[in-house]
file entry_35.cif (mmCIF, C-alpha atoms and all ligand atoms)
data_data
loop_
_atom_site.label_atom_id
_atom_site.label_comp_id
_atom_site.auth_asym_id
_atom_site.auth_seq_id
_atom_site.Cartn_x
_atom_site.Cartn_y
_atom_site.Cartn_z
CA MET X 249 20.53 16.92 25.67
CA GLN X 250 21.23 14.16 23.21
CA ASN X 251 21.21 14.36 19.40
CA PRO X 252 18.28 12.68 17.61
CA GLY X 253 17.98 10.32 20.56
CA LEU X 254 18.58 6.59 20.61
CA LEU X 255 14.88 5.77 20.82
CA LYS X 256 14.13 7.77 17.68
CA GLU X 257 17.11 6.19 15.95
CA LEU X 258 15.84 2.74 16.88
CA ILE X 259 12.37 3.47 15.52
CA GLN X 260 13.87 4.82 12.30
CA SER X 261 16.11 1.79 11.86
CA LEU X 262 13.20 -0.60 12.36
CA CYS X 263 11.46 1.12 9.44
CA CYS X 264 14.03 -0.50 7.10
CA LEU X 265 12.12 -3.77 7.56
CA PRO X 266 9.61 -4.40 4.77
CA GLY X 267 6.02 -3.78 5.81
CA VAL X 268 7.06 -1.82 8.89
CA GLY X 269 5.93 1.81 9.02
CA GLN X 270 6.43 4.46 11.66
CA LYS X 271 3.62 3.13 13.86
CA SER X 272 4.64 -0.53 13.95
CA ALA X 273 8.26 0.54 14.41
CA GLN X 274 7.23 2.47 17.51
CA ARG X 275 5.31 -0.50 18.83
CA MET X 276 8.30 -2.79 18.20
CA ALA X 277 10.78 -0.45 19.87
CA PHE X 278 8.66 -0.04 23.00
CA HIS X 279 7.92 -3.74 23.16
CA LEU X 280 11.60 -4.68 23.04
CA LEU X 281 12.66 -1.99 25.51
CA GLN X 282 9.91 -2.64 28.02
CA ARG X 283 9.44 -6.37 27.75
CA ASN X 284 12.14 -8.18 25.83
CA ARG X 285 15.61 -6.65 25.94
CA ASP X 286 17.22 -10.06 25.70
CA GLY X 287 15.24 -10.74 22.53
CA GLY X 288 16.42 -7.41 21.15
CA ARG X 289 20.06 -8.20 21.96
CA GLN X 290 19.76 -11.63 20.40
CA LEU X 291 18.21 -10.14 17.26
CA SER X 292 21.03 -7.60 17.05
CA ARG X 293 23.66 -10.33 17.30
CA VAL X 294 22.09 -12.64 14.73
CA LEU X 295 21.37 -9.76 12.35
CA SER X 296 24.97 -8.65 12.27
CA GLN X 297 26.24 -12.21 11.85
CA ALA X 298 23.77 -12.86 9.05
CA MET X 299 24.49 -9.63 7.16
CA ASP X 300 28.24 -10.30 7.31
CA ASN X 301 28.38 -14.07 6.79
CA ILE X 302 25.52 -15.15 4.56
CA GLY X 303 26.59 -15.41 0.95
CA TYR X 304 25.56 -17.47 -2.05
CA CYS X 305 25.79 -21.24 -2.55
CA ARG X 306 28.48 -22.20 -5.04
CA ASP X 307 26.17 -24.70 -6.77
CA CYS X 308 22.64 -23.27 -6.62
CA ARG X 309 23.17 -19.59 -5.71
CA THR X 310 20.76 -19.69 -2.78
CA LEU X 311 21.53 -17.78 0.43
CA THR X 312 23.77 -19.64 2.85
CA GLU X 313 26.70 -19.00 5.17
CA ALA X 314 28.37 -22.20 3.92
CA GLU X 315 30.22 -22.64 0.64
CA VAL X 316 27.59 -25.18 -0.41
CA CYS X 317 24.05 -24.90 0.99
CA GLU X 318 22.26 -27.50 3.11
CA VAL X 319 20.15 -28.71 0.20
CA CYS X 320 23.02 -29.05 -2.26
CA ALA X 321 25.15 -30.77 0.38
CA ASN X 322 22.41 -33.25 1.29
CA PRO X 323 23.15 -36.65 -0.27
CA GLN X 324 19.53 -37.73 0.35
CA ARG X 325 18.28 -35.27 -2.24
CA ASP X 326 17.91 -36.21 -5.87
CA ASP X 327 20.55 -34.67 -8.15
CA ALA X 328 18.57 -35.63 -11.24
CA VAL X 329 15.77 -33.09 -10.73
CA LEU X 330 16.53 -29.38 -10.65
CA CYS X 331 13.90 -26.82 -9.71
CA ILE X 332 14.55 -23.34 -11.13
CA VAL X 333 13.23 -20.44 -9.05
CA GLU X 334 13.46 -16.68 -9.15
CA SER X 335 14.45 -16.06 -5.54
CA ALA X 336 15.98 -17.70 -2.50
CA ALA X 337 12.68 -17.16 -0.71
CA ASP X 338 11.02 -19.46 -3.25
CA VAL X 339 13.37 -22.32 -2.26
CA TRP X 340 12.19 -21.86 1.30
CA VAL X 341 8.51 -21.74 0.34
CA ILE X 342 8.66 -24.79 -1.94
CA ASP X 343 10.63 -26.82 0.59
CA GLN X 344 8.06 -26.07 3.28
CA ALA X 345 4.96 -26.57 1.12
CA THR X 346 5.83 -29.53 -1.07
CA SER X 347 7.53 -32.88 -0.75
CA PHE X 348 10.03 -31.95 -3.48
CA LYS X 349 13.29 -33.77 -2.81
CA GLY X 350 15.40 -32.64 -5.74
CA LYS X 351 17.75 -29.68 -5.89
CA TYR X 352 17.32 -26.01 -6.75
CA PHE X 353 18.80 -23.30 -8.87
CA VAL X 354 18.19 -19.68 -7.91
CA LEU X 355 18.13 -17.04 -10.65
CA HIS X 356 17.91 -14.01 -8.29
CA GLY X 357 15.59 -12.31 -10.71
CA ARG X 358 13.95 -12.82 -14.07
CA LEU X 359 14.78 -11.82 -17.60
CA SER X 360 14.04 -8.14 -17.83
CA PRO X 361 16.26 -6.36 -20.34
CA LEU X 362 14.92 -2.93 -19.41
CA ASP X 363 16.09 -3.47 -15.81
CA GLY X 364 19.44 -4.78 -16.98
CA MET X 365 18.53 -8.37 -16.04
CA GLY X 366 19.97 -10.64 -18.72
CA PRO X 367 21.37 -14.18 -18.77
CA ASP X 368 24.58 -13.02 -17.04
CA GLN X 369 22.74 -11.63 -14.04
CA LEU X 370 20.66 -14.81 -13.72
CA GLY X 371 23.66 -17.12 -13.64
CA ILE X 372 22.66 -18.87 -16.86
CA ASP X 373 26.29 -19.84 -17.59
CA LEU X 374 26.47 -21.70 -14.27
CA LEU X 375 23.09 -23.31 -15.01
CA GLU X 376 24.33 -24.45 -18.44
CA GLN X 377 27.41 -26.01 -16.84
CA ARG X 378 25.15 -28.01 -14.56
CA LEU X 379 22.87 -29.09 -17.39
CA ALA X 380 25.94 -30.11 -19.42
CA SER X 381 27.20 -32.35 -16.62
CA GLY X 382 24.78 -35.11 -17.62
CA VAL X 383 23.48 -35.64 -14.08
CA ILE X 384 20.22 -33.73 -14.50
CA LYS X 385 17.28 -35.53 -16.11
CA GLU X 386 14.50 -33.00 -15.51
CA ILE X 387 14.24 -29.31 -14.74
CA ILE X 388 11.11 -27.93 -13.12
CA LEU X 389 10.49 -24.34 -14.17
CA ALA X 390 9.04 -22.68 -11.07
CA THR X 391 9.50 -19.04 -12.04
CA ASN X 392 6.56 -16.76 -11.28
CA SER X 393 3.52 -16.68 -13.53
CA THR X 394 4.14 -13.08 -14.53
CA ILE X 395 4.93 -12.21 -18.14
CA GLU X 396 8.63 -11.90 -17.30
CA GLY X 397 8.57 -15.12 -15.29
CA GLN X 398 6.96 -16.94 -18.22
CA ALA X 399 9.51 -15.53 -20.65
CA THR X 400 12.31 -16.63 -18.32
CA ALA X 401 10.83 -20.14 -18.10
CA HIS X 402 10.61 -20.26 -21.90
CA PHE X 403 14.22 -19.11 -22.30
CA ILE X 404 15.53 -21.75 -19.88
CA GLY X 405 13.27 -24.41 -21.40
CA GLU X 406 15.00 -23.85 -24.73
CA ILE X 407 18.39 -24.40 -23.11
CA ALA X 408 17.15 -27.66 -21.57
CA ASN X 409 15.96 -28.74 -25.03
CA LYS X 410 19.45 -28.16 -26.38
CA PHE X 411 20.77 -30.61 -23.79
CA HIS X 412 17.86 -33.03 -24.39
CA ILE X 413 16.74 -32.58 -20.80
CA ARG X 414 13.05 -32.78 -19.95
CA ALA X 415 11.62 -29.42 -18.87
CA THR X 416 8.35 -29.15 -16.94
CA ARG X 417 6.45 -26.11 -15.73
CA ILE X 418 4.55 -25.98 -12.44
CA ALA X 419 0.76 -25.94 -12.94
CA HIS X 420 -1.16 -22.69 -12.95
CA GLY X 421 -4.88 -22.36 -12.34
CA VAL X 422 -7.49 -21.71 -9.71
CA PRO X 423 -5.87 -21.86 -6.23
CA MET X 424 -7.06 -24.75 -4.03
CA GLY X 425 -10.01 -23.51 -2.00
CA GLY X 426 -10.28 -20.47 -4.27
CA GLU X 427 -13.78 -19.40 -5.27
CA LEU X 428 -14.25 -18.79 -8.96
CA GLU X 429 -15.89 -15.40 -8.55
CA PHE X 430 -12.79 -14.03 -6.83
CA ILE X 431 -10.23 -15.32 -9.34
CA ASP X 432 -8.82 -12.90 -11.90
CA SER X 433 -9.89 -13.53 -15.49
CA GLY X 434 -6.37 -14.38 -16.74
CA THR X 435 -6.06 -17.21 -14.23
CA LEU X 436 -9.57 -18.44 -14.94
CA SER X 437 -9.02 -18.48 -18.68
CA HIS X 438 -5.73 -20.33 -18.21
CA ALA X 439 -7.45 -22.83 -15.92
CA PHE X 440 -10.03 -23.53 -18.65
CA ASN X 441 -7.49 -24.01 -21.40
CA ASP X 442 -5.37 -26.22 -19.22
CA ARG X 443 -8.21 -28.45 -18.01
CA ARG X 444 -7.61 -32.18 -17.38
CA GLU X 445 -9.67 -35.39 -17.62
CA PHE X 446 -11.62 -35.93 -14.42
CA MET C 199 27.01 -28.78 7.32
CA GLN C 200 26.01 -26.05 9.73
CA ASN C 201 23.74 -26.31 12.79
CA PRO C 202 20.29 -24.74 12.55
CA GLY C 203 21.69 -22.36 9.94
CA LEU C 204 22.12 -18.61 10.24
CA LEU C 205 19.18 -17.88 7.94
CA LYS C 206 16.80 -19.92 10.11
CA GLU C 207 18.23 -18.29 13.21
CA LEU C 208 17.66 -14.86 11.72
CA ILE C 209 14.05 -15.68 10.85
CA GLN C 210 13.49 -17.02 14.35
CA SER C 211 15.00 -13.94 15.98
CA LEU C 212 12.85 -11.61 13.89
CA CYS C 213 9.79 -13.39 15.30
CA CYS C 214 10.52 -11.73 18.68
CA LEU C 215 9.16 -8.50 17.19
CA PRO C 216 5.48 -7.94 18.04
CA GLY C 217 3.13 -8.61 15.12
CA VAL C 218 5.80 -10.55 13.22
CA GLY C 219 5.01 -14.20 12.49
CA GLN C 220 7.00 -16.83 10.62
CA LYS C 221 5.92 -15.52 7.21
CA SER C 222 6.73 -11.85 7.70
CA ALA C 223 9.99 -12.83 9.41
CA GLN C 224 10.96 -14.77 6.28
CA ARG C 225 10.07 -11.82 4.08
CA MET C 226 12.12 -9.49 6.29
CA ALA C 227 15.16 -11.76 6.35
CA PHE C 228 15.22 -12.20 2.57
CA HIS C 229 14.63 -8.51 2.00
CA LEU C 230 17.56 -7.49 4.20
CA LEU C 231 19.90 -10.14 2.79
CA GLN C 232 19.06 -9.53 -0.85
CA ARG C 233 18.43 -5.81 -0.91
CA ASN C 234 19.53 -3.97 2.18
CA ARG C 235 22.47 -5.42 4.09
CA ASP C 236 23.57 -1.96 5.19
CA GLY C 237 20.13 -1.36 6.65
CA GLY C 238 20.38 -4.68 8.48
CA ARG C 239 23.80 -3.82 9.88
CA GLN C 240 22.60 -0.40 10.98
CA LEU C 241 19.55 -1.94 12.67
CA SER C 242 21.80 -4.41 14.46
CA ARG C 243 24.04 -1.63 15.75
CA VAL C 244 21.23 0.63 16.95
CA LEU C 245 19.34 -2.28 18.51
CA SER C 246 22.27 -3.32 20.64
CA GLN C 247 23.00 0.27 21.70
CA ALA C 248 19.36 0.84 22.55
CA MET C 249 18.95 -2.38 24.55
CA ASP C 250 22.08 -1.61 26.57
CA ASN C 251 21.84 2.13 27.05
CA ILE C 252 18.19 3.16 27.23
CA GLY C 253 17.00 3.42 30.81
CA TYR C 254 14.39 5.46 32.66
CA CYS C 255 14.22 9.23 33.17
CA ARG C 256 14.99 10.22 36.75
CA ASP C 257 12.07 12.66 36.84
CA CYS C 258 9.29 11.17 34.71
CA ARG C 259 10.31 7.51 34.30
CA THR C 260 10.00 7.56 30.51
CA LEU C 261 12.51 5.68 28.33
CA THR C 262 15.70 7.59 27.60
CA GLU C 263 19.43 7.04 27.38
CA ALA C 264 20.02 10.26 29.33
CA GLU C 265 19.67 10.75 33.08
CA VAL C 266 16.85 13.22 32.41
CA CYS C 267 14.75 12.86 29.24
CA GLU C 268 14.45 15.43 26.47
CA VAL C 269 11.02 16.59 27.63
CA CYS C 270 11.97 16.98 31.30
CA ALA C 271 15.18 18.76 30.35
CA ASN C 272 13.41 21.18 28.02
CA PRO C 273 13.06 24.60 29.72
CA GLN C 274 10.43 25.61 27.14
CA ARG C 275 7.98 23.10 28.56
CA ASP C 276 5.57 24.02 31.32
CA ASP C 277 6.46 22.51 34.69
CA ALA C 278 3.06 23.39 36.09
CA VAL C 279 1.09 20.82 34.10
CA LEU C 280 1.86 17.12 34.48
CA CYS C 281 0.27 14.52 32.21
CA ILE C 282 0.06 11.04 33.77
CA VAL C 283 0.24 8.12 31.32
CA GLU C 284 0.44 4.36 31.57
CA SER C 285 3.33 3.79 29.18
CA ALA C 286 6.29 5.48 27.55
CA ALA C 287 4.62 4.87 24.19
CA ASP C 288 1.75 7.14 25.31
CA VAL C 289 4.20 10.04 25.82
CA TRP C 290 5.26 9.59 22.23
CA VAL C 291 1.70 9.38 20.92
CA ILE C 292 0.47 12.42 22.86
CA ASP C 293 3.49 14.51 21.90
CA GLN C 294 2.93 13.73 18.22
CA ALA C 295 -0.85 14.15 18.21
CA THR C 296 -1.46 17.12 20.49
CA SER C 297 0.05 20.50 21.19
CA PHE C 298 0.57 19.61 24.85
CA LYS C 299 3.59 21.50 26.15
CA GLY C 300 3.65 20.39 29.78
CA LYS C 301 5.55 17.48 31.27
CA TYR C 302 4.79 13.79 31.75
CA PHE C 303 4.85 11.10 34.35
CA VAL C 304 4.97 7.47 33.23
CA LEU C 305 3.40 4.80 35.46
CA HIS C 306 4.65 1.80 33.43
CA GLY C 307 1.38 0.03 34.07
CA ARG C 308 -1.90 0.49 35.89
CA LEU C 309 -3.22 -0.53 39.29
CA SER C 310 -3.89 -4.23 39.07
CA PRO C 311 -3.47 -5.98 42.42
CA LEU C 312 -3.96 -9.43 40.91
CA ASP C 313 -0.96 -8.83 38.60
CA GLY C 314 1.09 -7.46 41.47
CA MET C 315 0.82 -3.87 40.17
CA GLY C 316 0.40 -1.61 43.17
CA PRO C 317 1.47 2.00 43.99
CA ASP C 318 5.11 0.90 44.43
CA GLN C 319 5.34 -0.51 40.91
CA LEU C 320 3.76 2.62 39.44
CA GLY C 321 6.24 4.99 41.08
CA ILE C 322 3.53 6.70 43.14
CA ASP C 323 6.06 7.74 45.80
CA LEU C 324 8.07 9.63 43.16
CA LEU C 325 4.85 11.16 41.85
CA GLU C 326 3.88 12.29 45.35
CA GLN C 327 7.29 13.94 45.80
CA ARG C 328 6.71 15.90 42.62
CA LEU C 329 3.20 16.90 43.63
CA ALA C 330 4.52 17.97 47.05
CA SER C 331 7.11 20.26 45.46
CA GLY C 332 4.50 22.98 44.90
CA VAL C 333 5.45 23.49 41.23
CA ILE C 334 2.58 21.51 39.72
CA LYS C 335 -0.77 23.24 39.35
CA GLU C 336 -2.66 20.67 37.29
CA ILE C 337 -2.37 16.98 36.53
CA ILE C 338 -3.99 15.55 33.40
CA LEU C 339 -5.01 11.93 33.93
CA ALA C 340 -4.39 10.26 30.57
CA THR C 341 -4.50 6.63 31.65
CA ASN C 342 -6.44 4.31 29.36
CA SER C 343 -10.21 4.15 29.46
CA THR C 344 -10.23 0.55 30.67
CA ILE C 345 -11.61 -0.32 34.09
CA GLU C 346 -8.09 -0.54 35.52
CA GLY C 347 -7.05 2.67 33.80
CA GLN C 348 -10.09 4.44 35.28
CA ALA C 349 -9.34 3.06 38.75
CA THR C 350 -5.75 4.24 38.43
CA ALA C 351 -6.90 7.71 37.38
CA HIS C 352 -9.24 7.80 40.35
CA PHE C 353 -6.49 6.72 42.75
CA ILE C 354 -4.09 9.41 41.52
CA GLY C 355 -6.87 12.01 41.44
CA GLU C 356 -7.34 11.46 45.18
CA ILE C 357 -3.66 12.09 45.80
CA ALA C 358 -3.86 15.33 43.79
CA ASN C 359 -6.82 16.37 45.96
CA LYS C 360 -4.72 15.86 49.06
CA PHE C 361 -2.22 18.36 47.69
CA HIS C 362 -5.00 20.71 46.49
CA ILE C 363 -3.85 20.25 42.90
CA ARG C 364 -6.38 20.39 40.08
CA ALA C 365 -6.87 16.99 38.42
CA THR C 366 -8.45 16.69 34.96
CA ARG C 367 -9.25 13.61 32.89
CA ILE C 368 -8.93 13.46 29.10
CA ALA C 369 -12.34 13.35 27.37
CA HIS C 370 -13.85 10.08 26.28
CA GLY C 371 -16.57 9.71 23.67
CA VAL C 372 -17.18 9.03 20.03
CA PRO C 373 -13.88 9.23 18.08
CA MET C 374 -13.65 12.11 15.58
CA GLY C 375 -14.92 10.83 12.24
CA GLY C 376 -16.37 7.78 13.97
CA GLU C 377 -19.77 6.63 12.79
CA LEU C 378 -22.26 5.97 15.56
CA GLU C 379 -23.31 2.57 14.31
CA PHE C 380 -19.76 1.26 14.67
CA ILE C 381 -19.13 2.58 18.19
CA ASP C 382 -19.38 0.16 21.11
CA SER C 383 -22.33 0.78 23.45
CA GLY C 384 -20.16 1.68 26.47
CA THR C 385 -18.52 4.52 24.58
CA LEU C 386 -21.83 5.69 23.15
CA SER C 387 -23.53 5.72 26.53
CA HIS C 388 -20.56 7.61 28.02
CA ALA C 389 -20.73 10.10 25.14
CA PHE C 390 -24.41 10.75 25.90
CA ASN C 391 -23.90 11.25 29.61
CA ASP C 392 -20.93 13.50 29.00
CA ARG C 393 -22.63 15.69 26.38
CA ARG C 394 -21.83 19.44 26.18
CA GLU C 395 -23.71 22.62 25.17
CA PHE C 396 -23.47 23.11 21.43
ZN ZN A 501 22.98 -24.86 -2.96
ZN ZN A 502 11.61 12.75 31.86
#

call {"tool": "encode", "arguments": {"input": "entry_35.cif", "output": "structure tokens", "more": "lines below"}}
Ligand SMILES: [Zn+2]
Ligand SMILES: [Zn+2]
result
Amino acid sequence: MQNPGLLKELIQSLCCLPGVGQKSAQRMAFHLLQRNRDGGRQLSRVLSQAMDNIGYCRDCRTLTEAEVCEVCANPQRDDAVLCIVESAADVWVIDQATSFKGKYFVLHGRLSPLDGMGPDQLGIDLLEQRLASGVIKEIILATNSTIEGQATAHFIGEIANKFHIRATRIAHGVPMGGELEFIDSGTLSHAFNDRREF
Amino acid sequence: MQNPGLLKELIQSLCCLPGVGQKSAQRMAFHLLQRNRDGGRQLSRVLSQAMDNIGYCRDCRTLTEAEVCEVCANPQRDDAVLCIVESAADVWVIDQATSFKGKYFVLHGRLSPLDGMGPDQLGIDLLEQRLASGVIKEIILATNSTIEGQATAHFIGEIANKFHIRATRIAHGVPMGGELEFIDSGTLSHAFNDRREF
């Protein structure tokens, strides 16, 4: 007789992945054990390496195992444009979806005093140092379009002003391909107010 | 500069999990790195233990790290009733959903000559040994209700006959709570032919 049993332990551990409940965890465990043990071993190895070795970029605070991340270290990318995002995942998403070739700064959150998220937690001092360096000509505020994300964008925009640096905000409106009847009213009203010449 | 980068490697490795595409893998990687490194480390540890140590039960062929699985080793369970299933996952599902207190036998597949799945692959010799032992009074054929699952049930039912052991098949029909208009016609026709006194 074993204790809880390795299989049960495996299923339980897989439940720590976001979006994975008991049922998918079972399916995953059986799939790996019956059809892809090498995949499971590889995942185990990479997971442990990643958890132990991935830290934060010295310059932009994104996730990386290097002292300076790939983007910051890339001399092909434009130092004059800095895109400010809430999370490291956003860097990933923007780099895949757009042709943006500037650099990033990751806040790891948004201003939210009630949750203890203030300028210190968001690395604003580091951001100010970079803005003070004179290299940056424009910051793109790509925080989320939530109330807190907007407030954070506003707060950082003010800092940019202080340094006479241009601050832009990514456009908000009806998603491409989105049908008007399925768009929430806040977005639709914003899209109307922010309309452009056609 | 690093090679592919640990973060990309992690995302790629997570894609080996069934039902996990590029996007969910990204979400998982960022979640673990930003919010649950201990969970990630724990998952890594259990994964590697499971891949290396989980084998097959000597008696029923289900997945276990022991020589004999928890169910087979449990003296409270009835040796006289043997439930035949296609996969180790089915053992799990049946044990959670029903009050079945007999034992199991796992085929790890179904008869499918074109895929090279014959009696040898399904452990039929081991099953025959168990049926020959005289302990088993009934086998419950719980293979899937696919054509191959039915053929497999039929094949094993014949063997049970040879040993004068009762063979039963789990009921098929309209799922509980299922609405008739959404049931496929094969199931509905089976449910009609298999109707009972009310
Ligand atoms: Zn960086
Ligand atoms: Zn067993």

call {"tool": "interface_residues", "arguments": {"input": "entry_35.cif", "of": "chain X", "to": "chain C", "cutoff": "6 Å", "atoms": "all atoms listed in the file", "output": "PyMOL selection string"}}
result
chain X and resi 258+261+265-266+276+285+289+291-292+294-296+299

call {"tool": "residues_around", "arguments": {"input": "entry_35.cif", "residues": "segment 362-366 of chain C", "least_positions_apart": "6", "cutoff": "8 Å", "atoms": "all atoms listed in the file", "output": "PyMOL selection string"}}
result
chain C and resi 329+334-339+355

call {"tool": "closest_residue", "arguments": {"input": "entry_35.cif", "among": "X:Ser381, X:Leu359, X:Arg444, X:Cys305", "to": "Gln398 of chain X", "atoms": "only C-alpha atoms"}}
result
X:Leu359

call {"tool": "atom_distance", "arguments": {"input": "entry_35.cif", "atom1": "atom CA of Asp363 of chain X", "atom2": "atom CA of Leu375 of chain X"}}
result
21.1 Å

call {"tool": "atom_distance", "arguments": {"input": "entry_35.cif", "atom1": "atom CA of Gly357 of chain X", "atom2": "atom CA of Ile372 of chain X"}}
result
11.4 Å

call {"tool": "closest_residue", "arguments": {"input": "entry_35.cif", "among": "C:Glu326, C:Asp257, C:His370, C:Thr385", "to": "Ile357 of chain C", "atoms": "all atoms listed in the file"}}
result
C:Glu326

call {"tool": "atom_distance", "arguments": {"input": "entry_35.cif", "atom1": "atom CA of Val283 of chain C", "atom2": "atom CA of Arg259 of chain C"}}
result
10.5 Å

call {"tool": "closest_residue", "arguments": {"input": "entry_35.cif", "among": "C:Gln294, C:Tyr302, C:Asp277, C:Gly219", "to": "ligand ZN 502 (chain A)", "atoms": "only C-alpha atoms and all ligand atoms"}}
result
C:Tyr302

call {"tool": "residues_around", "arguments": {"input": "entry_35.cif", "residues": "Ile418 of chain X", "least_positions_apart": "4", "cutoff": "10 Å", "atoms": "all atoms listed in the file", "output": "number ranges by chain"}}
result
X: 331, 388-393

call {"tool": "axis_aligned_box", "arguments": {"input": "entry_35.cif", "around": "segment 390-404 of chain X", "padding_each_side": "3 Å", "output": "lines of an AutoDock Vina configuration file"}}
result
center_x = 9.5
center_y = -17.3
center_z = -16.7
size_x = 18.0
size_y = 16.8
size_z = 17.2

call {"tool": "closest_residue", "arguments": {"input": "entry_35.cif", "among": "C:Asp318, C:Asp276, C:Glu377, C:Glu284", "to": "Lys299 of chain C", "atoms": "all atoms listed in the file"}}
result
C:Asp276

call {"tool": "closest_residue", "arguments": {"input": "entry_35.cif", "among": "C:Phe303, C:Arg275, C:Glu356, C:Asp293", "to": "ligand ZN 502 (chain A)", "atoms": "all atoms listed in the file"}}
result
C:Phe303
